[in-house]
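Text of the file coords-v4.cif, holding mmCIF, C-alpha atoms and all ligand atoms:
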data_structure
#
loop_
_atom_site.label_atom_id
_atom_site.label_comp_id
_atom_site.auth_asym_id
_atom_site.auth_seq_id
_atom_site.Cartn_x
_atom_site.Cartn_y
_atom_site.Cartn_z
CA MET A 233 -51.22 -2.44 -6.71
CA LYS A 234 -48.11 -3.53 -8.59
CA VAL A 235 -48.28 -0.43 -10.79
CA LYS A 236 -48.63 1.79 -7.72
CA LEU A 237 -45.58 0.19 -6.13
CA LEU A 238 -43.59 0.57 -9.31
CA CYS A 239 -44.61 4.23 -9.52
CA LYS A 240 -43.53 4.77 -5.95
CA ALA A 241 -40.19 3.09 -6.62
CA ALA A 242 -39.66 5.20 -9.73
CA LEU A 243 -40.48 8.37 -7.80
CA ALA A 244 -38.08 7.40 -5.03
CA LEU A 245 -35.32 6.68 -7.54
CA ALA A 246 -35.93 10.00 -9.25
CA ALA A 247 -35.74 11.75 -5.90
CA VAL A 248 -32.42 10.07 -5.09
CA GLY A 249 -31.14 10.99 -8.54
CA LEU A 250 -32.23 14.58 -8.15
CA PHE A 251 -30.72 14.76 -4.71
CA ALA A 252 -27.41 13.30 -5.90
CA SER A 253 -27.17 15.63 -8.87
CA ALA A 254 -28.22 18.57 -6.72
CA ALA A 255 -25.41 17.68 -4.33
CA SER A 256 -22.76 17.31 -7.01
CA ALA A 257 -24.04 20.41 -8.78
CA ALA A 258 -23.28 22.23 -5.55
CA TYR A 259 -19.68 21.08 -5.63
CA LYS A 260 -17.07 23.76 -6.21
CA SER A 261 -15.33 23.86 -9.56
CA GLU A 262 -12.03 23.72 -7.67
CA TYR A 263 -11.03 22.72 -4.15
CA LYS A 264 -7.85 24.32 -2.88
CA LEU A 265 -5.36 21.91 -1.24
CA SER A 266 -2.69 23.65 0.81
CA VAL A 267 0.91 22.35 0.88
CA VAL A 268 3.78 24.11 2.70
CA PRO A 269 6.84 23.07 0.67
CA GLY A 270 7.26 22.84 -3.13
CA ALA A 271 5.82 20.42 -5.69
CA SER A 272 9.01 18.33 -5.94
CA SER A 273 9.13 17.58 -2.20
CA GLY A 274 7.86 14.16 -1.08
CA TRP A 275 5.06 16.06 0.63
CA GLY A 276 4.19 17.88 -2.61
CA GLN A 277 4.27 14.67 -4.63
CA THR A 278 1.93 13.00 -2.13
CA ALA A 279 -0.52 15.91 -2.44
CA THR A 280 -0.46 15.60 -6.24
CA PHE A 281 -0.95 11.83 -6.00
CA PHE A 282 -4.05 12.35 -3.82
CA ALA A 283 -5.55 15.08 -6.01
CA ASP A 284 -4.97 13.00 -9.17
CA CYS A 285 -6.56 9.96 -7.56
CA VAL A 286 -9.69 11.88 -6.56
CA ARG A 287 -10.01 13.52 -9.98
CA LYS A 288 -9.59 10.20 -11.78
CA LYS A 289 -11.93 8.18 -9.56
CA SER A 290 -14.63 10.85 -9.76
CA ASN A 291 -14.26 11.23 -13.55
CA GLY A 292 -13.35 14.85 -13.06
CA ARG A 293 -16.34 15.71 -10.85
CA ILE A 294 -14.12 16.50 -7.85
CA ASN A 295 -11.27 18.79 -8.78
CA ILE A 296 -8.72 19.22 -6.00
CA LYS A 297 -5.83 21.49 -6.87
CA PRO A 298 -2.63 21.58 -4.79
CA TYR A 299 -1.21 25.02 -4.01
CA PHE A 300 2.46 24.63 -3.11
CA GLY A 301 4.93 26.80 -1.23
CA ALA A 302 2.51 27.89 1.52
CA GLN A 303 1.05 30.36 -0.98
CA LEU A 304 -2.49 30.13 0.44
CA MET A 305 -1.23 31.64 3.71
CA ALA A 306 1.37 34.01 2.25
CA GLY A 307 4.16 31.86 3.66
CA LYS A 308 2.89 31.86 7.27
CA GLN A 309 2.78 28.11 7.70
CA THR A 310 1.44 28.12 11.26
CA SER A 311 -1.73 29.95 10.09
CA GLU A 312 -2.92 26.99 8.04
CA LEU A 313 -5.31 25.55 10.61
CA LEU A 314 -7.04 28.91 11.02
CA LEU A 315 -7.54 29.24 7.27
CA VAL A 316 -8.91 25.70 6.90
CA ARG A 317 -11.35 26.38 9.73
CA ARG A 318 -12.50 29.61 8.10
CA GLY A 319 -12.91 27.94 4.73
CA ALA A 320 -10.29 30.05 2.93
CA ILE A 321 -8.55 26.68 2.38
CA ASP A 322 -10.69 23.62 1.48
CA PHE A 323 -8.15 20.82 2.01
CA ALA A 324 -4.66 20.69 3.46
CA LEU A 325 -1.95 18.09 3.55
CA ALA A 326 -0.93 19.47 6.90
CA SER A 327 2.05 18.84 9.14
CA THR A 328 1.74 18.12 12.85
CA ILE A 329 4.53 20.69 13.30
CA ASN A 330 2.63 23.54 11.69
CA TRP A 331 -0.59 22.82 13.55
CA SER A 332 0.94 22.04 16.94
CA PRO A 333 1.12 25.68 18.10
CA GLN A 334 -2.71 25.56 18.22
CA ILE A 335 -3.25 21.84 18.91
CA LYS A 336 -0.83 21.03 21.72
CA GLU A 337 -1.36 17.25 21.42
CA LEU A 338 0.34 17.33 18.00
CA ASN A 339 3.67 17.99 19.72
CA LEU A 340 3.68 14.29 20.65
CA THR A 341 5.73 13.17 17.64
CA ALA A 342 8.07 16.16 18.12
CA LEU A 343 9.12 15.00 21.59
CA PRO A 344 12.90 14.74 21.13
CA PHE A 345 14.22 11.18 20.58
CA PHE A 346 10.92 9.79 21.88
CA ILE A 347 10.29 7.65 18.78
CA ALA A 348 13.92 7.45 17.60
CA ASN A 349 14.76 5.65 20.83
CA ASN A 350 12.80 2.55 19.66
CA PRO A 351 14.54 -0.33 17.85
CA ASP A 352 12.28 0.12 14.81
CA ARG A 353 11.24 3.76 14.57
CA TYR A 354 8.81 3.32 11.66
CA LYS A 355 7.03 0.45 13.38
CA ALA A 356 6.79 2.57 16.53
CA LEU A 357 5.25 5.46 14.60
CA ASP A 358 2.76 3.22 12.77
CA ALA A 359 1.75 1.72 16.12
CA ILE A 360 1.02 5.23 17.40
CA GLU A 361 -1.01 6.20 14.34
CA LYS A 362 -3.01 2.97 14.39
CA GLY A 363 -3.31 2.78 18.14
CA LYS A 364 -5.09 4.51 20.99
CA SER A 365 -2.77 7.52 20.93
CA GLY A 366 -3.41 7.99 17.20
CA LYS A 367 -7.15 8.09 17.87
CA MET A 368 -6.53 10.70 20.55
CA LEU A 369 -4.58 12.81 18.03
CA GLU A 370 -7.37 12.52 15.45
CA GLN A 371 -9.90 13.59 18.08
CA ALA A 372 -7.76 16.57 19.08
CA ILE A 373 -7.61 17.65 15.42
CA GLU A 374 -11.36 17.22 14.91
CA LYS A 375 -12.14 19.09 18.13
CA THR A 376 -11.01 22.26 16.34
CA GLY A 377 -13.84 21.78 13.82
CA VAL A 378 -11.99 20.31 10.82
CA LYS A 379 -12.28 16.84 9.25
CA PHE A 380 -9.35 14.41 9.69
CA ILE A 381 -9.02 12.30 6.51
CA GLY A 382 -5.84 10.23 6.90
CA TRP A 383 -2.13 10.14 7.76
CA SER A 384 0.89 10.60 5.55
CA GLU A 385 4.54 11.43 6.24
CA ASN A 386 7.16 14.11 5.75
CA GLY A 387 9.74 11.93 7.52
CA PHE A 388 12.19 11.77 10.38
CA ARG A 389 14.02 15.06 10.58
CA GLU A 390 17.78 15.08 10.15
CA LEU A 391 20.12 18.00 10.80
CA THR A 392 22.15 19.46 7.94
CA THR A 393 24.94 21.92 8.74
CA SER A 394 27.84 23.76 7.17
CA LYS A 395 29.94 22.94 10.23
CA GLY A 396 30.41 19.47 11.63
CA PRO A 397 30.26 16.58 12.00
CA ILE A 398 27.87 16.44 14.97
CA GLU A 399 28.40 13.26 16.93
CA LYS A 400 27.60 14.29 20.50
CA PRO A 401 25.55 17.02 22.20
CA GLU A 402 28.65 19.20 22.81
CA ASP A 403 29.17 19.50 19.04
CA MET A 404 26.01 21.63 18.82
CA LYS A 405 27.23 24.47 21.00
CA GLY A 406 26.55 27.88 19.47
CA MET A 407 25.26 26.54 16.14
CA LYS A 408 22.82 28.95 14.53
CA LEU A 409 20.01 26.76 13.19
CA ARG A 410 16.87 27.55 11.23
CA VAL A 411 13.77 25.99 12.76
CA CYS A 412 10.10 26.64 12.02
CA GLY A 413 8.11 28.90 14.32
CA THR A 414 6.94 26.14 16.64
CA PRO A 415 7.86 26.53 20.32
CA ILE A 416 9.06 22.97 21.07
CA PHE A 417 11.88 23.41 18.50
CA ILE A 418 13.19 26.45 20.32
CA ASP A 419 13.24 24.46 23.56
CA ILE A 420 15.01 21.42 22.07
CA PHE A 421 17.79 23.35 20.38
CA THR A 422 18.27 25.79 23.23
CA LYS A 423 18.62 22.81 25.57
CA LEU A 424 21.31 21.35 23.27
CA GLY A 425 23.26 24.61 23.45
CA ALA A 426 22.46 25.73 19.90
CA ASN A 427 21.01 29.05 18.78
CA PRO A 428 17.63 28.36 17.06
CA GLN A 429 16.16 30.93 14.66
CA ALA A 430 12.44 30.72 13.81
CA ILE A 431 12.07 31.32 10.06
CA ASN A 432 9.19 30.28 7.78
CA TRP A 433 10.12 27.70 5.16
CA SER A 434 9.10 30.16 2.43
CA GLU A 435 12.01 32.40 3.48
CA ALA A 436 14.39 29.75 4.74
CA VAL A 437 15.92 28.76 1.40
CA THR A 438 16.97 32.34 0.62
CA GLY A 439 18.37 32.45 4.14
CA PHE A 440 20.48 29.35 3.42
CA GLN A 441 21.79 30.94 0.22
CA GLN A 442 22.80 34.00 2.18
CA GLY A 443 24.39 31.86 4.87
CA ILE A 444 22.41 33.51 7.68
CA VAL A 445 22.37 30.20 9.58
CA ASP A 446 24.79 27.27 10.07
CA GLY A 447 22.12 24.66 9.43
CA GLN A 448 18.56 23.41 9.47
CA GLU A 449 16.64 20.20 10.04
CA ASN A 450 14.28 18.46 7.61
CA PRO A 451 13.72 14.95 6.26
CA THR A 452 16.38 13.65 3.84
CA ASN A 453 14.05 12.12 1.24
CA GLY A 454 11.18 14.55 1.42
CA ILE A 455 12.98 17.90 1.62
CA ASN A 456 16.79 17.78 1.85
CA VAL A 457 17.40 15.92 -1.41
CA PRO A 458 14.75 17.79 -3.49
CA THR A 459 16.11 21.19 -2.30
CA LYS A 460 19.70 20.06 -3.01
CA VAL A 461 20.76 20.96 0.50
CA TRP A 462 24.41 20.19 -0.38
CA GLN A 463 24.56 23.60 -2.04
CA TRP A 464 24.78 25.09 1.45
CA HIS A 465 25.53 22.30 3.91
CA LYS A 466 28.25 19.65 4.02
CA TYR A 467 27.08 17.50 6.94
CA SER A 468 23.96 15.44 7.51
CA THR A 469 23.40 14.31 11.08
CA ASP A 470 21.07 11.32 10.82
CA TRP A 471 19.80 11.22 14.36
CA HIS A 472 16.04 10.84 13.56
CA TYR A 473 15.33 13.08 16.56
CA MET A 474 11.67 13.54 15.73
CA ILE A 475 9.18 12.76 13.01
CA ASP A 476 6.80 14.93 11.13
CA PRO A 477 3.64 12.97 10.30
CA LEU A 478 1.44 14.70 7.76
CA PHE A 479 -2.32 14.39 7.59
CA PHE A 480 -5.01 15.10 5.02
CA THR A 481 -7.70 17.34 6.40
CA ALA A 482 -10.66 19.34 5.11
CA ASN A 483 -12.85 22.24 6.09
CA LYS A 484 -15.85 20.71 7.88
CA LYS A 485 -18.51 22.40 5.77
CA VAL A 486 -16.77 21.39 2.54
CA TRP A 487 -16.53 17.81 3.81
CA ASP A 488 -20.16 17.65 4.91
CA GLU A 489 -21.33 18.69 1.45
CA PHE A 490 -19.89 15.58 -0.21
CA THR A 491 -22.26 12.64 -0.74
CA PRO A 492 -21.49 9.51 1.33
CA GLU A 493 -20.14 7.82 -1.83
CA ASP A 494 -17.81 10.72 -2.57
CA LYS A 495 -16.61 10.77 1.03
CA GLU A 496 -15.70 7.09 0.59
CA LEU A 497 -13.97 7.88 -2.68
CA ILE A 498 -11.86 10.62 -1.06
CA LEU A 499 -11.04 8.42 1.94
CA SER A 500 -9.91 5.58 -0.34
CA CYS A 501 -7.57 7.96 -2.19
CA ALA A 502 -6.17 9.06 1.16
CA VAL A 503 -5.42 5.41 2.02
CA ASN A 504 -3.42 5.04 -1.21
CA ALA A 505 -1.73 8.41 -0.71
CA GLU A 506 -0.62 7.30 2.77
CA LEU A 507 1.05 4.18 1.31
CA TYR A 508 2.69 6.25 -1.41
CA GLY A 509 3.81 9.08 0.91
CA LYS A 510 5.23 6.66 3.45
CA ALA A 511 7.11 4.75 0.76
CA LEU A 512 8.70 8.02 -0.43
CA SER A 513 9.64 8.90 3.14
CA ARG A 514 11.04 5.45 4.02
CA LEU A 515 12.89 4.70 0.81
CA GLY A 516 16.47 3.71 1.64
CA ASN A 517 15.70 3.57 5.37
CA ASP A 518 13.93 0.21 5.40
CA ASP A 519 14.41 -3.37 4.21
CA GLY A 520 13.69 -2.45 0.60
CA SER A 521 9.90 -2.76 0.75
CA ALA A 522 9.35 0.97 0.08
CA LEU A 523 11.19 0.75 -3.24
CA GLU A 524 9.41 -2.47 -4.13
CA TYR A 525 6.06 -0.81 -3.46
CA LEU A 526 6.90 2.25 -5.56
CA LYS A 527 7.97 0.00 -8.44
CA LYS A 528 4.77 -2.01 -8.12
CA ILE A 529 2.59 1.06 -8.49
CA GLY A 530 4.74 2.40 -11.36
CA LYS A 531 6.14 5.31 -9.34
CA GLU A 532 9.83 4.46 -9.00
CA PRO A 533 11.53 7.79 -8.23
CA ALA A 534 14.63 9.09 -10.03
CA VAL A 535 16.60 8.98 -6.76
CA THR A 536 16.28 5.55 -5.14
CA ASP A 537 19.14 5.99 -2.64
CA PRO A 538 18.61 9.41 -1.02
CA LYS A 539 21.45 9.08 1.51
CA GLY A 540 23.76 7.98 -1.30
CA GLU A 541 22.65 11.10 -3.20
CA LEU A 542 23.85 13.30 -0.32
CA ARG A 543 27.22 11.49 -0.27
CA LYS A 544 27.52 11.67 -4.05
CA ASN A 545 27.16 15.42 -3.73
CA GLY A 546 29.99 15.67 -1.25
CA MET A 547 28.14 15.50 2.07
CA THR A 548 29.33 13.57 5.10
CA VAL A 549 26.40 11.56 6.46
CA THR A 550 26.72 10.54 10.09
CA GLU A 551 24.34 7.65 10.75
CA TYR A 552 23.58 7.45 14.44
CA THR A 553 23.99 4.24 16.40
CA PRO A 554 21.56 3.48 19.26
CA ALA A 555 24.31 4.55 21.70
CA MET A 556 24.61 7.98 20.03
CA VAL A 557 20.82 8.41 20.07
CA LYS A 558 20.81 7.48 23.77
CA GLU A 559 23.26 10.28 24.56
CA PHE A 560 20.95 12.85 22.97
CA TYR A 561 17.92 11.16 24.54
CA ASP A 562 19.46 11.70 27.97
CA ALA A 563 20.50 15.28 27.14
CA THR A 564 16.93 16.26 26.22
CA LYS A 565 15.09 14.61 29.13
CA SER A 566 13.96 17.90 30.68
CA VAL A 567 12.39 19.00 27.36
CA ARG A 568 10.40 15.75 27.17
CA ASP A 569 9.33 16.14 30.79
CA ASP A 570 8.16 19.76 30.32
CA TRP A 571 6.36 19.04 27.07
CA THR A 572 4.73 15.88 28.41
CA LYS A 573 2.87 18.14 30.83
CA LYS A 574 1.77 20.45 28.00
CA ILE A 575 0.80 17.64 25.60
CA GLY A 576 -1.03 15.65 28.30
CA PRO A 577 0.56 12.79 30.28
CA ASP A 578 -2.33 10.45 29.30
CA LEU A 579 -1.59 10.87 25.61
CA VAL A 580 2.15 10.38 26.10
CA LYS A 581 1.50 7.25 28.16
CA ALA A 582 -0.90 5.87 25.55
CA ALA A 583 1.79 6.44 22.89
CA GLU A 584 4.38 4.64 25.02
CA GLU A 585 2.03 1.69 25.31
CA ASP A 586 1.25 1.70 21.59
CA MET A 587 4.99 1.70 20.81
CA LYS A 588 5.60 -1.19 23.19
CA SER A 589 3.06 -3.26 21.28
CA ALA A 590 4.90 -2.60 17.98
O1 LIG A 601 9.18 24.28 7.75
C1 LIG A 601 9.63 23.14 7.58
O2 LIG A 601 10.76 22.82 7.95
C2 LIG A 601 8.75 22.10 6.92
C3 LIG A 601 8.64 22.40 5.44
O3 LIG A 601 9.30 20.83 7.09
C4 LIG A 601 7.42 22.16 7.59
O4 LIG A 601 6.50 22.76 7.11
C5 LIG A 601 7.27 21.52 8.90
#
Taking this structure as input, can you express it in the form of structure tokens?
Amino acid sequence: MKVKLLCKAALALAAVGLFASAASAAYKSEYKLSVVPGASSGWGQTATFFADCVRKKSNGRINIKPYFGAQLMAGKQTSELLLVRRGAIDFALASTINWSPQIKELNLTALPFFIANNPDRYKALDAIEKGKSGKMLEQAIEKTGVKFIGWSENGFRELTTSKGPIEKPEDMKGMKLRVCGTPIFIDIFTKLGANPQAINWSEAVTGFQQGIVDGQENPTNGINVPTKVWQWHKYSTDWHYMIDPLFFTANKKVWDEFTPEDKELILSCAVNAELYGKALSRLGNDDGSALEYLKKIGKEPAVTDPKGELRKNGMTVTEYTPAMVKEFYDATKSVRDDWTKKIGPDLVKAAEEDMKSA
């Protein structure tokens, strides 16, 4: 009897072993991770951090390779969702901005001055991501047939211009500004009297060199400092008008092929990558805890004062007071009203409630 039981147990163990090795044998030799900007951006560094973590924890069994500069979609950043769904891309560290043309709910964090109008904008954002509205966003992403893995952050988007400074809505009149090809941006800047030009990021930098626009908007830490924006622009308007949360995502079939243990492993790396990515994004904008965290994990960056870096390179940085934000908040009311209808009033209301609880 005992022998029989032992035999059965051994057979069962062998079956599990076979199954597990069959599953990992089926793994691809490389998983492609899509990233829109370059490797030195905060976004790019977060993607590398995640891929390294997964490779290390899996002893090299799971090899995720970041592809920077939107190269997996030939520069067309708003095609990323389609390519992840089709399986041409396995993983993406995606931006809400680039996926919002297809997933209208993702315009929530692009509502102008919606989050910036809170006393603590990072707390407000975290409350959204952890709250009911965050769940609704995750569901909207997964409804398209991809796996949501976890949040990260490109950062609050600040305006950099060759003309300036911009202190009130009137100062924006006629400014030719590069934006990405996402409709809400056109509405915001048109409403403010500027002249928005939709250009993919892959072509934008050459455009800045050629001076085809007067400015652009992107996060200071994540993009503006790494691209040395001072080469083209002399003013940074720190109005925090919207934030660009990033999220790790995977093709559903690719995800489903991982064993439960490997899914856990990947999810745990995403948790660490979120902490790392947020620290990079918030460095110099918080009470010092971002820098402390980066030091603790041995990842202190070369530039620890990104705003100071802009000033050091000759830029005028205009840091908005709540009263200045309020003026822009009022000036963009009709855009928030229109887009609330498109995004879904229930989601916007849930986000307002989440932010109140922050
Ligand atoms: O295109 C941009 O500005 C960028 C790099 O921030 C995004 O992909 C949203």
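When all atoms listed in the file are used to compute distances to ligand LIG 601 (chain A), the closest of the residues A:Tyr299, A:Trp275, A:Phe281, A:Trp487 turns out to be A:Trp275.
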**Q.** A:Asn545, A:Gln309, A:Ser365, A:Ser266 ranked by distance to A:Val457, top pick (using all atoms listed in the file)
**A.**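 Looking at the shortest contact to A:Val457, the residue is A:Asn545.
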Q. Hey, which residues come within 8 Å of ligand LIG 601 (chain A) if we count only C-alpha atoms and all ligand atoms? Could you give them as a VMD selection string?
A. chain A and resid 268 to 269 309 327 to 330 386 411 to 412 431 to 434 448 to 451 455 476
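Atom CA of A:Lys400 to atom CA of A:Pro344 spans 14.7 Å [interatomic distance, one decimal].
For the set A:Tyr508, A:Tyr467, A:Phe480, A:Phe440, the residue with the smallest atom-to-atom gap to A:Gly382 is A:Phe480, counting all atoms listed in the file.
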**Q.** Between atom CA of A:Tyr561 and atom CA of A:Pro477 - distance in Å to one decimal
**A.** 20.2 Å
Reconstructed all heavy atoms for stretch 271-281 of chain A, given as a PDB file, keeping the file's coordinate frame:
ATOM      1  N   ALA A 271       6.416  21.572  -5.001  1.00  0.00           N
ATOM      2  CA  ALA A 271       5.820  20.420  -5.690  1.00  0.00           C
ATOM      3  C   ALA A 271       6.756  19.224  -5.756  1.00  0.00           C
ATOM      4  O   ALA A 271       6.316  18.080  -5.773  1.00  0.00           O
ATOM      5  CB  ALA A 271       5.408  20.833  -7.099  1.00  0.00           C
ATOM      6  N   SER A 272       8.079  19.453  -5.780  1.00  0.00           N
ATOM      7  CA  SER A 272       9.010  18.330  -5.940  1.00  0.00           C
ATOM      8  C   SER A 272       9.336  17.652  -4.607  1.00  0.00           C
ATOM      9  O   SER A 272       9.975  16.602  -4.598  1.00  0.00           O
ATOM     10  CB  SER A 272      10.308  18.812  -6.603  1.00  0.00           C
ATOM     11  OG  SER A 272      10.961  19.713  -5.732  1.00  0.00           O
ATOM     12  N   SER A 273       8.913  18.235  -3.494  1.00  0.00           N
ATOM     13  CA  SER A 273       9.130  17.580  -2.200  1.00  0.00           C
ATOM     14  C   SER A 273       8.290  16.298  -2.134  1.00  0.00           C
ATOM     15  O   SER A 273       7.306  16.162  -2.881  1.00  0.00           O
ATOM     16  CB  SER A 273       8.719  18.527  -1.062  1.00  0.00           C
ATOM     17  OG  SER A 273       7.337  18.828  -1.160  1.00  0.00           O
ATOM     18  N   GLY A 274       8.660  15.372  -1.251  1.00  0.00           N
ATOM     19  CA  GLY A 274       7.860  14.160  -1.080  1.00  0.00           C
ATOM     20  C   GLY A 274       6.438  14.524  -0.671  1.00  0.00           C
ATOM     21  O   GLY A 274       5.443  13.917  -1.115  1.00  0.00           O
ATOM     22  N   TRP A 275       6.331  15.523   0.148  1.00  0.00           N
ATOM     23  CA  TRP A 275       5.060  16.060   0.630  1.00  0.00           C
ATOM     24  C   TRP A 275       4.220  16.568  -0.546  1.00  0.00           C
ATOM     25  O   TRP A 275       3.020  16.256  -0.677  1.00  0.00           O
ATOM     26  CB  TRP A 275       5.443  17.179   1.579  1.00  0.00           C
ATOM     27  CG  TRP A 275       4.451  17.912   2.375  1.00  0.00           C
ATOM     28  CD1 TRP A 275       3.122  18.051   2.173  1.00  0.00           C
ATOM     29  CD2 TRP A 275       4.773  18.658   3.562  1.00  0.00           C
ATOM     30  NE1 TRP A 275       2.587  18.856   3.146  1.00  0.00           N
ATOM     31  CE2 TRP A 275       3.571  19.233   4.005  1.00  0.00           C
ATOM     32  CE3 TRP A 275       5.942  18.911   4.273  1.00  0.00           C
ATOM     33  CZ2 TRP A 275       3.522  20.049   5.151  1.00  0.00           C
ATOM     34  CZ3 TRP A 275       5.888  19.715   5.405  1.00  0.00           C
ATOM     35  CH2 TRP A 275       4.687  20.267   5.847  1.00  0.00           C
ATOM     36  N   GLY A 276       4.871  17.348  -1.425  1.00  0.00           N
ATOM     37  CA  GLY A 276       4.190  17.880  -2.610  1.00  0.00           C
ATOM     38  C   GLY A 276       3.752  16.770  -3.550  1.00  0.00           C
ATOM     39  O   GLY A 276       2.635  16.792  -4.077  1.00  0.00           O
ATOM     40  N   GLN A 277       4.617  15.783  -3.723  1.00  0.00           N
ATOM     41  CA  GLN A 277       4.270  14.670  -4.630  1.00  0.00           C
ATOM     42  C   GLN A 277       3.101  13.857  -4.076  1.00  0.00           C
ATOM     43  O   GLN A 277       2.272  13.356  -4.827  1.00  0.00           O
ATOM     44  CB  GLN A 277       5.475  13.751  -4.813  1.00  0.00           C
ATOM     45  CG  GLN A 277       6.602  14.400  -5.603  1.00  0.00           C
ATOM     46  CD  GLN A 277       7.746  13.419  -5.816  1.00  0.00           C
ATOM     47  OE1 GLN A 277       7.572  12.366  -6.399  1.00  0.00           O
ATOM     48  NE2 GLN A 277       8.916  13.770  -5.316  1.00  0.00           N
ATOM     49  N   THR A 278       3.042  13.737  -2.756  1.00  0.00           N
ATOM     50  CA  THR A 278       1.930  13.000  -2.130  1.00  0.00           C
ATOM     51  C   THR A 278       0.623  13.760  -2.319  1.00  0.00           C
ATOM     52  O   THR A 278      -0.438  13.165  -2.578  1.00  0.00           O
ATOM     53  CB  THR A 278       2.225  12.783  -0.624  1.00  0.00           C
ATOM     54  OG1 THR A 278       3.515  12.187  -0.501  1.00  0.00           O
ATOM     55  CG2 THR A 278       1.192  11.896   0.027  1.00  0.00           C
ATOM     56  N   ALA A 279       0.682  15.078  -2.236  1.00  0.00           N
ATOM     57  CA  ALA A 279      -0.520  15.910  -2.440  1.00  0.00           C
ATOM     58  C   ALA A 279      -1.016  15.752  -3.880  1.00  0.00           C
ATOM     59  O   ALA A 279      -2.222  15.592  -4.113  1.00  0.00           O
ATOM     60  CB  ALA A 279      -0.188  17.367  -2.138  1.00  0.00           C
ATOM     61  N   THR A 280      -0.090  15.761  -4.833  1.00  0.00           N
ATOM     62  CA  THR A 280      -0.460  15.600  -6.240  1.00  0.00           C
ATOM     63  C   THR A 280      -1.074  14.223  -6.491  1.00  0.00           C
ATOM     64  O   THR A 280      -2.072  14.086  -7.197  1.00  0.00           O
ATOM     65  CB  THR A 280       0.786  15.814  -7.139  1.00  0.00           C
ATOM     66  OG1 THR A 280       1.269  17.128  -6.890  1.00  0.00           O
ATOM     67  CG2 THR A 280       0.467  15.648  -8.610  1.00  0.00           C
ATOM     68  N   PHE A 281      -0.454  13.215  -5.880  1.00  0.00           N
ATOM     69  CA  PHE A 281      -0.950  11.830  -6.000  1.00  0.00           C
ATOM     70  C   PHE A 281      -2.415  11.755  -5.551  1.00  0.00           C
ATOM     71  O   PHE A 281      -3.276  11.186  -6.218  1.00  0.00           O
ATOM     72  CB  PHE A 281      -0.068  10.930  -5.129  1.00  0.00           C
ATOM     73  CG  PHE A 281      -0.423   9.474  -5.147  1.00  0.00           C
ATOM     74  CD1 PHE A 281       0.300   8.581  -5.928  1.00  0.00           C
ATOM     75  CD2 PHE A 281      -1.467   8.977  -4.371  1.00  0.00           C
ATOM     76  CE1 PHE A 281      -0.013   7.225  -5.928  1.00  0.00           C
ATOM     77  CE2 PHE A 281      -1.795   7.637  -4.369  1.00  0.00           C
ATOM     78  CZ  PHE A 281      -1.063   6.747  -5.153  1.00  0.00           C
TER      79      PHE A 281
END
